[in-house]
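Trainee: Structure supplied as entry-v6.txt; contents: compact mmCIF, C-alpha atoms and all ligand atoms.
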```
# COMPACT_ATOMS: atom_id res chain seq x y z
CA MET F 27 -27.84 53.27 21.63
CA ALA F 28 -30.27 50.82 23.17
CA PRO F 29 -33.29 50.16 20.99
CA GLY F 30 -36.44 52.16 21.46
CA ARG F 31 -35.16 55.01 23.59
CA GLY F 32 -33.84 58.46 22.83
CA ARG F 33 -33.52 58.26 19.07
CA PRO F 34 -35.71 59.77 16.38
CA PHE F 35 -38.71 57.78 15.23
CA PRO F 36 -37.61 55.59 12.31
CA GLY F 37 -40.86 56.12 10.41
CA ARG F 38 -41.03 59.83 11.04
CA VAL F 39 -41.90 62.09 8.14
CA SER F 40 -42.25 65.70 9.15
CA HIS F 41 -44.71 66.98 6.56
CA LEU F 42 -47.64 65.58 4.67
CA PRO F 43 -47.38 66.06 0.91
CA PRO F 44 -49.34 69.09 -0.33
CA ALA F 45 -53.05 68.49 -0.91
CA GLY F 46 -53.78 66.92 -4.27
CA ILE F 47 -50.42 65.20 -4.51
CA THR F 48 -51.03 61.50 -4.28
CA ALA F 49 -47.68 60.14 -5.44
CA LEU F 50 -45.83 59.65 -2.20
CA ALA F 51 -42.11 59.48 -1.81
CA PRO F 52 -40.78 55.92 -1.55
CA GLY F 53 -40.80 54.77 2.03
CA TYR F 54 -43.55 57.16 3.05
CA PRO F 55 -45.89 55.34 5.42
CA THR F 56 -49.04 55.50 3.29
CA SER F 57 -50.99 53.79 6.08
CA ILE F 58 -50.81 57.05 8.05
CA MET F 59 -52.92 58.84 5.43
CA LYS F 60 -55.09 55.80 4.78
CA TRP F 61 -56.13 55.58 8.40
CA GLY F 62 -56.25 59.32 9.08
CA LYS F 63 -53.35 59.55 11.50
CA ARG F 64 -50.84 62.32 12.22
CA ASP F 65 -47.78 62.36 10.00
CA ASP F 66 -45.44 61.90 12.96
CA MET F 67 -46.91 58.59 14.16
CA LEU F 68 -44.34 55.88 14.78
CA VAL F 69 -45.50 53.11 12.44
CA HIS F 70 -44.38 49.73 13.78
CA GLU F 71 -46.10 47.87 10.93
CA GLU F 72 -48.01 49.14 7.91
CA GLU F 73 -49.91 45.87 7.37
CA PRO F 74 -51.35 45.03 9.79
CA PHE F 75 -51.39 48.70 10.80
CA ASN F 76 -49.71 49.27 14.15
CA ALA F 77 -48.84 52.82 15.11
CA GLU F 78 -48.41 55.07 18.14
CA PRO F 79 -48.16 58.84 18.49
CA PRO F 80 -45.12 60.61 19.93
CA THR F 81 -45.89 61.20 23.62
CA GLY F 82 -45.97 64.96 23.00
CA ALA F 83 -49.19 64.42 21.01
CA LEU F 84 -50.82 62.87 24.12
CA ALA F 85 -49.43 65.32 26.67
CA GLY F 86 -51.84 67.72 28.36
CA ARG F 87 -54.91 66.50 26.46
CA PHE F 88 -57.46 64.63 28.52
CA LEU F 89 -59.16 63.30 25.38
CA THR F 90 -56.82 62.06 22.68
CA PRO F 91 -57.55 63.54 19.24
CA LEU F 92 -58.58 60.80 16.79
CA ASP F 93 -55.56 61.40 14.56
CA ALA F 94 -53.23 60.73 17.50
CA PHE F 95 -55.05 57.73 19.03
CA TYR F 96 -52.77 54.68 18.85
CA SER F 97 -53.93 51.73 16.77
CA ARG F 98 -53.16 48.08 17.37
CA ASN F 99 -54.21 45.50 14.80
CA HIS F 100 -53.34 41.83 14.62
CA GLY F 101 -54.77 41.36 11.14
CA PRO F 102 -55.99 43.44 8.20
CA VAL F 103 -58.72 46.00 8.86
CA PRO F 104 -61.82 44.17 7.55
CA ARG F 105 -64.08 45.75 4.94
CA ILE F 106 -67.55 45.72 6.44
CA ASP F 107 -70.78 46.60 4.65
CA ALA F 108 -72.53 48.47 7.49
CA ALA F 109 -75.96 48.00 5.87
CA ALA F 110 -75.63 44.21 5.77
CA TRP F 111 -73.85 44.00 9.14
CA ARG F 112 -75.70 42.40 12.08
CA LEU F 113 -74.75 41.81 15.70
CA GLU F 114 -75.51 38.28 16.94
CA VAL F 115 -76.02 37.59 20.65
CA ASP F 116 -76.08 33.87 21.43
CA GLY F 117 -74.87 31.10 23.75
CA LEU F 118 -76.31 30.78 27.27
CA VAL F 119 -79.16 33.26 26.71
CA GLU F 120 -82.94 32.99 26.90
CA ARG F 121 -83.41 34.74 23.54
CA ARG F 122 -80.89 34.94 20.73
CA LEU F 123 -80.66 38.43 19.22
CA ARG F 124 -79.78 39.48 15.69
CA LEU F 125 -79.66 43.26 15.42
CA SER F 126 -78.79 45.88 12.83
CA LEU F 127 -77.04 49.01 14.08
CA GLU F 128 -80.36 50.89 13.81
CA GLU F 129 -82.15 48.24 15.87
CA LEU F 130 -79.40 48.29 18.49
CA ARG F 131 -79.62 52.09 18.73
CA SER F 132 -83.41 52.18 18.98
CA ARG F 133 -83.84 49.26 21.40
CA PHE F 134 -81.32 50.29 24.05
CA PRO F 135 -80.55 53.61 25.77
CA GLU F 136 -77.51 55.50 24.55
CA ARG F 137 -74.62 55.57 27.00
CA GLU F 138 -71.35 57.51 27.11
CA VAL F 139 -68.19 56.49 28.93
CA VAL F 140 -64.84 58.27 28.95
CA ALA F 141 -62.27 55.50 29.04
CA THR F 142 -58.56 55.10 28.56
CA LEU F 143 -57.46 52.25 26.31
CA GLN F 144 -54.02 50.86 27.03
CA CYS F 145 -52.35 48.11 25.03
CA ALA F 146 -50.77 45.34 27.12
CA GLY F 147 -47.68 45.85 24.93
CA ASN F 148 -47.33 49.55 25.78
CA ARG F 149 -43.68 50.32 26.74
CA ARG F 150 -42.44 46.92 25.56
CA ALA F 151 -39.36 48.70 24.15
CA GLU F 152 -38.06 49.16 27.71
CA LEU F 153 -38.52 45.43 28.41
CA ILE F 154 -36.64 44.60 25.18
CA GLU F 155 -33.69 46.62 26.51
CA VAL F 156 -33.59 44.22 29.45
CA ARG F 157 -33.76 41.12 27.23
CA ASP F 158 -34.88 40.62 23.63
CA ILE F 159 -38.51 39.73 22.89
CA PRO F 160 -38.50 38.32 19.34
CA GLY F 161 -41.57 38.67 17.14
CA GLU F 162 -43.25 41.48 19.09
CA ASP F 163 -43.31 45.18 18.18
CA PRO F 164 -41.19 47.51 20.36
CA TRP F 165 -44.02 49.81 21.42
CA ARG F 166 -42.80 52.88 23.25
CA SER F 167 -44.96 54.98 25.59
CA GLY F 168 -47.70 55.90 23.10
CA ALA F 169 -49.90 52.77 23.08
CA VAL F 170 -52.32 54.44 25.48
CA SER F 171 -55.07 56.95 24.61
CA THR F 172 -58.36 58.23 25.98
CA ALA F 173 -61.70 58.81 24.24
CA ARG F 174 -65.33 59.57 25.00
CA TRP F 175 -67.12 56.50 23.69
CA THR F 176 -70.80 56.46 22.70
CA GLY F 177 -72.88 53.34 22.34
CA VAL F 178 -75.11 51.06 24.33
CA SER F 179 -74.26 49.31 27.55
CA LEU F 180 -73.40 45.63 27.06
CA ALA F 181 -75.33 45.07 30.32
CA ASP F 182 -78.54 46.33 28.66
CA VAL F 183 -78.05 44.10 25.61
CA LEU F 184 -77.37 41.06 27.79
CA ALA F 185 -80.47 41.88 29.88
CA GLY F 186 -82.43 42.01 26.61
CA ALA F 187 -81.18 38.54 25.69
CA GLY F 188 -81.52 37.20 29.26
CA LEU F 189 -78.43 35.47 30.67
CA ARG F 190 -79.09 31.84 31.59
CA PRO F 191 -77.70 30.26 34.78
CA GLY F 192 -74.12 29.12 34.21
CA ALA F 193 -73.24 32.08 31.98
CA ALA F 194 -69.98 32.98 33.73
CA HIS F 195 -68.17 34.59 30.77
CA VAL F 196 -69.05 36.64 27.73
CA SER F 197 -66.97 36.27 24.57
CA PHE F 198 -66.60 38.60 21.60
CA THR F 199 -65.84 37.61 18.01
CA ALA F 200 -64.65 39.72 15.08
CA PRO F 201 -63.99 38.81 11.41
CA ASP F 202 -60.30 39.79 11.12
CA VAL F 203 -57.90 36.85 10.84
CA ALA F 204 -54.37 37.42 12.17
CA ARG F 205 -51.29 35.75 10.68
CA GLU F 206 -49.97 35.02 14.16
CA ALA F 207 -53.08 33.17 15.38
CA ASP F 208 -52.35 29.47 15.58
CA PRO F 209 -54.40 27.80 14.12
CA PRO F 210 -55.68 30.66 11.87
CA GLN F 211 -58.88 32.09 13.36
CA PRO F 212 -60.76 35.38 13.65
CA TYR F 213 -59.86 37.71 16.53
CA GLY F 214 -61.72 37.21 19.78
CA GLY F 215 -61.59 37.27 23.55
CA SER F 216 -63.78 37.26 26.63
CA ILE F 217 -64.48 38.90 29.95
CA PRO F 218 -66.16 37.46 33.03
CA ALA F 219 -69.94 37.93 33.11
CA ALA F 220 -69.60 40.04 36.27
CA LYS F 221 -67.64 42.65 34.29
CA ALA F 222 -69.91 42.30 31.25
CA VAL F 223 -73.01 43.27 33.27
CA ALA F 224 -71.31 45.99 35.32
CA GLY F 225 -72.68 48.78 33.12
CA GLU F 226 -69.49 50.52 32.01
CA VAL F 227 -68.72 48.03 29.21
CA LEU F 228 -69.98 49.56 25.97
CA LEU F 229 -70.77 48.44 22.47
CA ALA F 230 -69.66 51.69 20.86
CA TRP F 231 -70.26 53.29 17.48
CA ALA F 232 -68.71 56.70 18.18
CA MET F 233 -65.49 58.07 19.58
CA ASN F 234 -65.09 61.70 20.72
CA GLY F 235 -68.40 62.48 19.02
CA HIS F 236 -67.31 61.14 15.61
CA PRO F 237 -68.48 57.93 13.96
CA LEU F 238 -66.03 55.17 14.84
CA PRO F 239 -63.22 55.22 12.24
CA ALA F 240 -62.68 51.95 10.32
CA VAL F 241 -59.30 51.34 11.95
CA HIS F 242 -60.88 51.65 15.42
CA GLY F 243 -63.58 49.06 14.75
CA ALA F 244 -66.52 50.46 12.72
CA PRO F 245 -69.39 49.86 12.74
CA LEU F 246 -69.31 48.60 16.35
CA ARG F 247 -66.64 47.76 18.90
CA VAL F 248 -66.49 46.66 22.49
CA VAL F 249 -64.95 49.06 25.03
CA VAL F 250 -63.97 47.34 28.27
CA PRO F 251 -62.96 50.23 30.57
CA GLY F 252 -60.06 49.50 32.89
CA TRP F 253 -59.04 46.32 31.07
CA ILE F 254 -56.20 45.75 28.61
CA GLY F 255 -56.99 47.03 25.11
CA ALA F 256 -57.02 43.48 23.72
CA ARG F 257 -60.42 42.80 25.31
CA SER F 258 -62.01 45.79 23.55
CA VAL F 259 -62.79 43.77 20.43
CA LYS F 260 -63.20 45.84 17.25
CA TRP F 261 -65.53 45.07 14.30
CA LEU F 262 -67.71 43.14 16.73
CA GLU F 263 -69.96 40.50 15.13
CA ARG F 264 -70.88 38.11 17.91
CA VAL F 265 -71.42 38.22 21.67
CA THR F 266 -71.66 34.78 23.27
CA ALA F 267 -72.61 33.96 26.85
CA ARG F 268 -70.72 30.87 28.01
CA ALA F 269 -69.57 28.82 30.96
CA ASP F 270 -65.82 29.17 30.29
CA PRO F 271 -63.48 31.87 28.99
CA SER F 272 -63.12 32.11 25.20
CA GLY F 273 -60.83 29.51 23.66
CA ASN F 274 -59.70 32.10 21.07
CA TYR F 275 -55.94 32.29 20.51
CA PHE F 276 -55.88 35.88 21.82
CA GLN F 277 -57.49 34.80 25.08
CA ALA F 278 -56.16 31.28 25.63
CA VAL F 279 -52.56 31.66 24.36
CA ALA F 280 -51.62 35.31 23.73
CA TYR F 281 -52.16 38.10 26.28
CA ARG F 282 -51.08 35.87 29.12
CA MET F 283 -48.29 36.90 31.44
CA SER F 284 -45.94 33.89 31.34
CA PRO F 285 -43.17 33.41 33.90
CA PRO F 286 -39.65 34.40 32.77
CA GLY F 287 -38.07 31.33 31.13
CA ALA F 288 -41.39 29.91 29.91
CA ASP F 289 -42.09 29.21 26.23
CA PRO F 290 -44.99 31.64 25.60
CA SER F 291 -46.25 29.63 22.60
CA ARG F 292 -47.04 26.83 25.07
CA SER F 293 -48.67 29.07 27.61
CA GLY F 294 -52.22 28.27 28.55
CA PRO F 295 -54.35 27.60 31.56
CA GLY F 296 -52.11 26.97 34.51
CA THR F 297 -49.03 28.75 33.15
CA GLY F 298 -49.58 32.32 32.07
CA ILE F 299 -51.80 34.74 33.95
CA PRO F 300 -54.66 35.72 31.60
CA LEU F 301 -54.48 39.51 31.43
CA GLY F 302 -57.62 41.49 32.16
CA PRO F 303 -57.71 44.47 34.51
CA VAL F 304 -54.81 46.85 34.00
CA ALA F 305 -52.40 47.47 36.86
CA LEU F 306 -51.54 50.87 38.33
CA THR F 307 -49.12 52.75 36.13
CA CYS F 308 -47.66 56.19 35.57
CA ASP F 309 -45.66 57.61 32.69
CA ILE F 310 -44.11 60.86 31.52
CA LEU F 311 -45.51 62.39 28.32
CA SER F 312 -43.53 65.62 27.98
CA PRO F 313 -40.84 66.67 27.36
CA GLU F 314 -39.93 63.92 24.88
CA ASP F 315 -37.36 61.40 26.17
CA GLY F 316 -33.82 62.35 25.22
CA SER F 317 -34.57 66.02 24.61
CA ARG F 318 -32.50 69.04 25.58
CA VAL F 319 -33.81 71.69 27.96
CA PRO F 320 -32.27 74.91 29.31
CA PRO F 321 -31.12 75.01 32.98
CA GLY F 322 -33.78 76.21 35.44
CA PRO F 323 -37.40 75.21 35.88
CA THR F 324 -38.81 72.63 33.44
CA GLU F 325 -42.41 71.44 33.39
CA ILE F 326 -42.82 67.66 33.33
CA THR F 327 -46.24 66.27 32.43
CA GLY F 328 -47.70 62.80 32.27
CA TYR F 329 -50.55 60.54 33.25
CA ALA F 330 -51.36 57.96 35.89
CA PHE F 331 -53.91 55.22 35.40
CA ALA F 332 -55.27 52.74 37.91
CA GLY F 333 -57.61 50.81 35.64
CA GLY F 334 -60.49 50.39 38.02
CA GLY F 335 -61.18 49.29 41.54
CA HIS F 336 -58.53 51.49 43.10
CA GLY F 337 -58.08 55.09 42.03
CA VAL F 338 -54.91 57.11 41.57
CA ALA F 339 -54.13 58.92 44.83
CA ARG F 340 -50.78 60.67 44.27
CA VAL F 341 -47.95 61.08 41.78
CA ASP F 342 -44.32 61.67 42.84
CA VAL F 343 -41.65 63.11 40.56
CA SER F 344 -37.89 62.98 41.05
CA SER F 345 -35.26 64.79 39.00
CA ASP F 346 -32.27 63.28 40.79
CA ALA F 347 -32.77 59.61 39.89
CA GLY F 348 -34.95 58.93 42.94
CA ARG F 349 -32.95 60.50 45.79
CA THR F 350 -35.61 63.13 46.44
CA TRP F 351 -39.24 63.35 45.35
CA SER F 352 -41.83 66.08 45.05
CA GLN F 353 -45.56 65.77 44.45
CA ALA F 354 -47.08 66.44 41.07
CA GLU F 355 -50.24 68.46 40.63
CA LEU F 356 -52.91 65.92 39.72
CA ASP F 357 -56.02 66.78 37.68
CA ALA F 358 -59.37 66.18 39.38
CA PRO F 359 -60.74 62.64 38.92
CA ALA F 360 -63.34 63.59 36.32
CA HIS F 361 -64.05 60.08 35.03
CA PRO F 362 -63.48 56.83 36.93
CA TRP F 363 -62.28 54.87 33.86
CA ALA F 364 -59.87 57.45 32.51
CA TRP F 365 -56.29 58.39 33.14
CA ARG F 366 -55.39 61.32 35.44
CA LEU F 367 -53.12 63.90 33.90
CA TRP F 368 -50.48 65.52 36.12
CA ARG F 369 -47.71 68.11 35.95
CA ALA F 370 -44.72 69.05 38.05
CA VAL F 371 -42.00 71.65 37.77
CA VAL F 372 -38.46 70.44 38.39
CA VAL F 373 -35.45 72.73 38.59
CA LEU F 374 -32.51 71.36 36.64
CA SER F 375 -28.89 72.45 36.61
CA GLU F 376 -26.46 72.02 33.72
CA GLY F 377 -25.68 68.37 32.89
CA GLU F 378 -27.59 65.13 32.43
CA ALA F 379 -30.78 64.48 34.39
CA ASP F 380 -32.90 61.38 34.98
CA VAL F 381 -36.48 62.27 35.76
CA LEU F 382 -38.69 59.61 37.36
CA ALA F 383 -42.43 59.52 38.01
CA ARG F 384 -44.40 57.02 40.07
CA ALA F 385 -48.00 56.83 41.20
CA TRP F 386 -49.68 55.59 44.37
CA ASP F 387 -53.21 54.23 44.43
CA THR F 388 -55.99 54.56 46.97
CA ALA F 389 -54.84 51.28 48.58
CA GLY F 390 -51.44 52.88 49.24
CA ALA F 391 -49.74 50.66 46.67
CA THR F 392 -47.23 51.79 44.09
CA HIS F 393 -45.76 50.05 41.01
CA PRO F 394 -42.38 48.45 40.22
CA GLU F 395 -39.33 50.64 39.81
CA THR F 396 -37.69 48.94 36.84
CA PRO F 397 -38.66 47.07 33.67
CA ALA F 398 -36.25 44.33 34.76
CA ALA F 399 -38.57 43.52 37.65
CA LEU F 400 -41.41 42.93 35.18
CA TRP F 401 -39.71 41.23 32.22
CA ASN F 402 -41.84 38.45 30.73
CA PRO F 403 -41.49 36.45 27.48
CA LYS F 404 -44.19 38.32 25.50
CA GLY F 405 -43.38 41.74 26.91
CA TYR F 406 -46.74 42.64 28.43
CA GLY F 407 -47.66 44.94 31.29
CA ASN F 408 -44.64 47.18 31.65
CA THR F 409 -45.99 49.35 34.43
CA SER F 410 -42.61 50.43 35.79
CA TRP F 411 -41.93 54.03 36.87
CA GLY F 412 -41.98 56.62 34.11
CA ARG F 413 -38.43 57.58 33.10
CA LEU F 414 -37.01 60.42 31.11
CA HIS F 415 -33.45 61.30 30.27
CA LEU F 416 -32.83 65.00 29.70
CA THR F 417 -29.74 66.92 28.70
CA CYS F 418 -29.75 70.25 30.44
CA ARG F 419 -27.72 72.82 28.53
CA ARG F 420 -28.04 76.46 27.66
N1 LIG S 501 -61.01 42.59 16.04
C1 LIG S 501 -59.93 43.05 16.68
N2 LIG S 501 -60.10 43.74 17.82
C2 LIG S 501 -59.02 44.22 18.48
C3 LIG S 501 -57.70 44.00 18.02
C4 LIG S 501 -57.55 43.27 16.81
O1 LIG S 501 -56.45 43.04 16.31
N3 LIG S 501 -58.70 42.82 16.17
N4 LIG S 501 -56.64 44.47 18.74
C5 LIG S 501 -56.88 44.67 20.18
C6 LIG S 501 -55.79 45.32 20.89
S1 LIG S 501 -54.47 44.33 21.30
C7 LIG S 501 -55.87 46.62 21.31
S2 LIG S 501 -54.67 47.28 22.28
C8 LIG S 501 -57.01 47.48 20.93
C9 LIG S 501 -56.52 48.69 20.19
O2 LIG S 501 -57.59 49.50 19.81
P1 LIG S 501 -57.37 50.72 18.81
O3 LIG S 501 -56.71 50.21 17.57
O4 LIG S 501 -58.71 51.29 18.58
O5 LIG S 501 -56.47 51.69 19.53
O6 LIG S 501 -57.93 46.79 20.09
C10 LIG S 501 -58.16 45.45 20.42
N5 LIG S 501 -59.25 44.93 19.61
MO MO S 502 -53.10 45.51 22.73
```
Translate this file's structure into structure tokens.

Mentor:
Amino acid sequence: MAPGRGRPFPGRVSHLPPAGITALAPGYPTSIMKWGKRDDMLVHEEEPFNAEPPTGALAGRFLTPLDAFYSRNHGPVPRIDAAAWRLEVDGLVERRLRLSLEELRSRFPEREVVATLQCAGNRRAELIEVRDIPGEDPWRSGAVSTARWTGVSLADVLAGAGLRPGAAHVSFTAPDVAREADPPQPYGGSIPAAKAVAGEVLLAWAMNGHPLPAVHGAPLRVVVPGWIGARSVKWLERVTARADPSGNYFQAVAYRMSPPGADPSRSGPGTGIPLGPVALTCDILSPEDGSRVPPGPTEITGYAFAGGGHGVARVDVSSDAGRTWSQAELDAPAHPWAWRLWRAVVVLSEGEADVLARAWDTAGATHPETPAALWNPKGYGNTSWGRLHLTCRR
């Protein structure tokens, strides 16, 4: 069977050991307990920890429970002494700032934003089926999750520091050093100043009303709503106003959409497209791909996400491989930076069925039909139609 589709999760363990038992069976993904995740997460790597939930854990829940929220790490989760930690704001600013978490919280108004985080590598497994992508994890459909984030607005902090003329970008720096970064360097990235001052970008210390878990960036992380997850820098230490985009490996080399046939390790300005805003996408979350359902009506659920700018306008579902389509019932647009959940009932008869889902945005645009149309050397941005293979049998 092709990799990444329709087979049980390789790392799946169905039950946690009873409370008090700390000796785990060999092969048990200890990182799941260490980072407080569900026992059925698909662990791509234990160190650095990279894990996604089965799509059933995301289905039908507007906010993703913390234990199901995917986690993407390029390096080890840093140990940070929150009492000694300070946020530095520097570069093209009138006043440099150096703030403890307490100072940050007391100086700036608290803000909440519900935002969906989506990894640029989400659904890479489907691209790998088209053509291999060596050295990158075969993420399935679970590297996307939604939380209510609490923090301060980056716009307020930048207003406090005073952006100087020429500050066209704002970069973020963290302490974690990834093995893949060449040369070795801490994680970082940047966003244009126009996005940084737009109000919705948060420096967050809480997620769904809980203090930010270590694996999600405690004590403070950036949340860039509507942009690829990579720009939402965790364990934030430094915010720098600058004339040019960050030269960090994860901004200048990785997370660029290179043309097919290019050597992605040589990508840079002029070759790859630096990824920022996420493109319109739609995916199926339940039932699980490859499952068996009885003949008759079956409820299909999923999400559509337009990032920002344009909103999701409609979702179509087909249960006959795209010959006919019906419209899904779409949840009300409660939050502009979050996914829209949808559901549709399809009537299946005995046999094999291919269910498809595609979204349309408020500009009347839809997204590509197949992963083949989107294949790129690093396997980013698979926003092809959601696809599900079902066996329909009594
Ligand atoms: N410091 C730091 N921030 C980071 C990363 C990282 O490796 N180090 N990974 C990024 C990527 S690629 C994604 S998709 C999101 C994932 O956030 P999560 O682990 O909270 O889901 O964090 C981003 N922020
Ligand atoms: Mo990511």

Trainee: Could you please determine the separation between atom CA of Arg105 of chain F and atom CA of Asp163 of chain F in Å, to one decimal place?

Mentor: 24.6 Å

Trainee: Could you please give me, as JSON, numbers by chain, the residues of protein, DNA or RNA lying at most 10 Å from (-60.9, 36.7, 12.1) in the coordinate frame of the file, considering only C-alpha atoms?

Mentor: {"F": [100, 101, 102, 104, 199, 200, 201, 202, 203, 204, 205, 207, 210, 211, 212, 213, 214, 261]}

Trainee: Using all atoms listed in the file, find the one residue out of F:Leu229, F:Leu238, F:Val265, F:Ala244 that sits nearest to His195 of chain F.

Mentor: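 Between F:Leu229, F:Leu238, F:Val265, F:Ala244, the residue approaching His195 of chain F most closely is F:Val265.
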
Trainee: Residues near Pro321 of chain F, anyone? I mean within 12 Å using only C-alpha atoms, not counting same-chain ones fewer than 6 positions away, as a list in words.

Mentor: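 Listing them by chain and then by number gives Val372, Val373, Leu374, Ser375, Glu376, Gly377, Glu378, Ala379, Leu416, Thr417, Cys418, Arg419 and Arg420 of chain F.
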
Trainee: Take the residues from that selection and put them in a file with C-alpha atoms, as a compact mmCIF listing (two decimals), in the frame of the given file.

Mentor:
```txt
# COMPACT_ATOMS: atom_id res chain seq x y z
CA VAL F 372 -38.46 70.44 38.39
CA VAL F 373 -35.45 72.73 38.59
CA LEU F 374 -32.51 71.36 36.64
CA SER F 375 -28.89 72.45 36.61
CA GLU F 376 -26.46 72.02 33.72
CA GLY F 377 -25.68 68.37 32.89
CA GLU F 378 -27.59 65.13 32.43
CA ALA F 379 -30.78 64.48 34.39
CA LEU F 416 -32.83 65.00 29.70
CA THR F 417 -29.74 66.92 28.70
CA CYS F 418 -29.75 70.25 30.44
CA ARG F 419 -27.72 72.82 28.53
CA ARG F 420 -28.04 76.46 27.66
```

Trainee: Please list as a PDB file with C-alpha atoms, in the coordinates of the input every residue within 10 Å of Glu355 of chain F, counting all atoms listed in the file and excluding residues in the same chain fewer than 4 positions away.

Mentor:
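Writing the result to part_13.pdb gives the following:
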```
ATOM      1  CA  THR F 327     -46.240  66.270  32.430  1.00  0.00           C
ATOM      2  CA  ARG F 340     -50.780  60.670  44.270  1.00  0.00           C
ATOM      3  CA  VAL F 341     -47.950  61.080  41.780  1.00  0.00           C
ATOM      4  CA  ASP F 342     -44.320  61.670  42.840  1.00  0.00           C
ATOM      5  CA  LEU F 367     -53.120  63.900  33.900  1.00  0.00           C
ATOM      6  CA  TRP F 368     -50.480  65.520  36.120  1.00  0.00           C
ATOM      7  CA  ARG F 369     -47.710  68.110  35.950  1.00  0.00           C
ATOM      8  CA  ALA F 370     -44.720  69.050  38.050  1.00  0.00           C
ATOM      9  CA  VAL F 371     -42.000  71.650  37.770  1.00  0.00           C
TER      10      VAL F 371
END
```

Trainee: Enclose all atoms of ligand LIG 501 (chain S) listed in the file in an axis-aligned box, grow every side by 8 Å, and hand back centre and edge lengths in Å to one decimal, as AutoDock Vina command-line options.

Mentor:
```
--center_x -57.7 --center_y 47.1 --center_z 19.2 --size_x 22.5 --size_y 25.1 --size_z 22.2
```
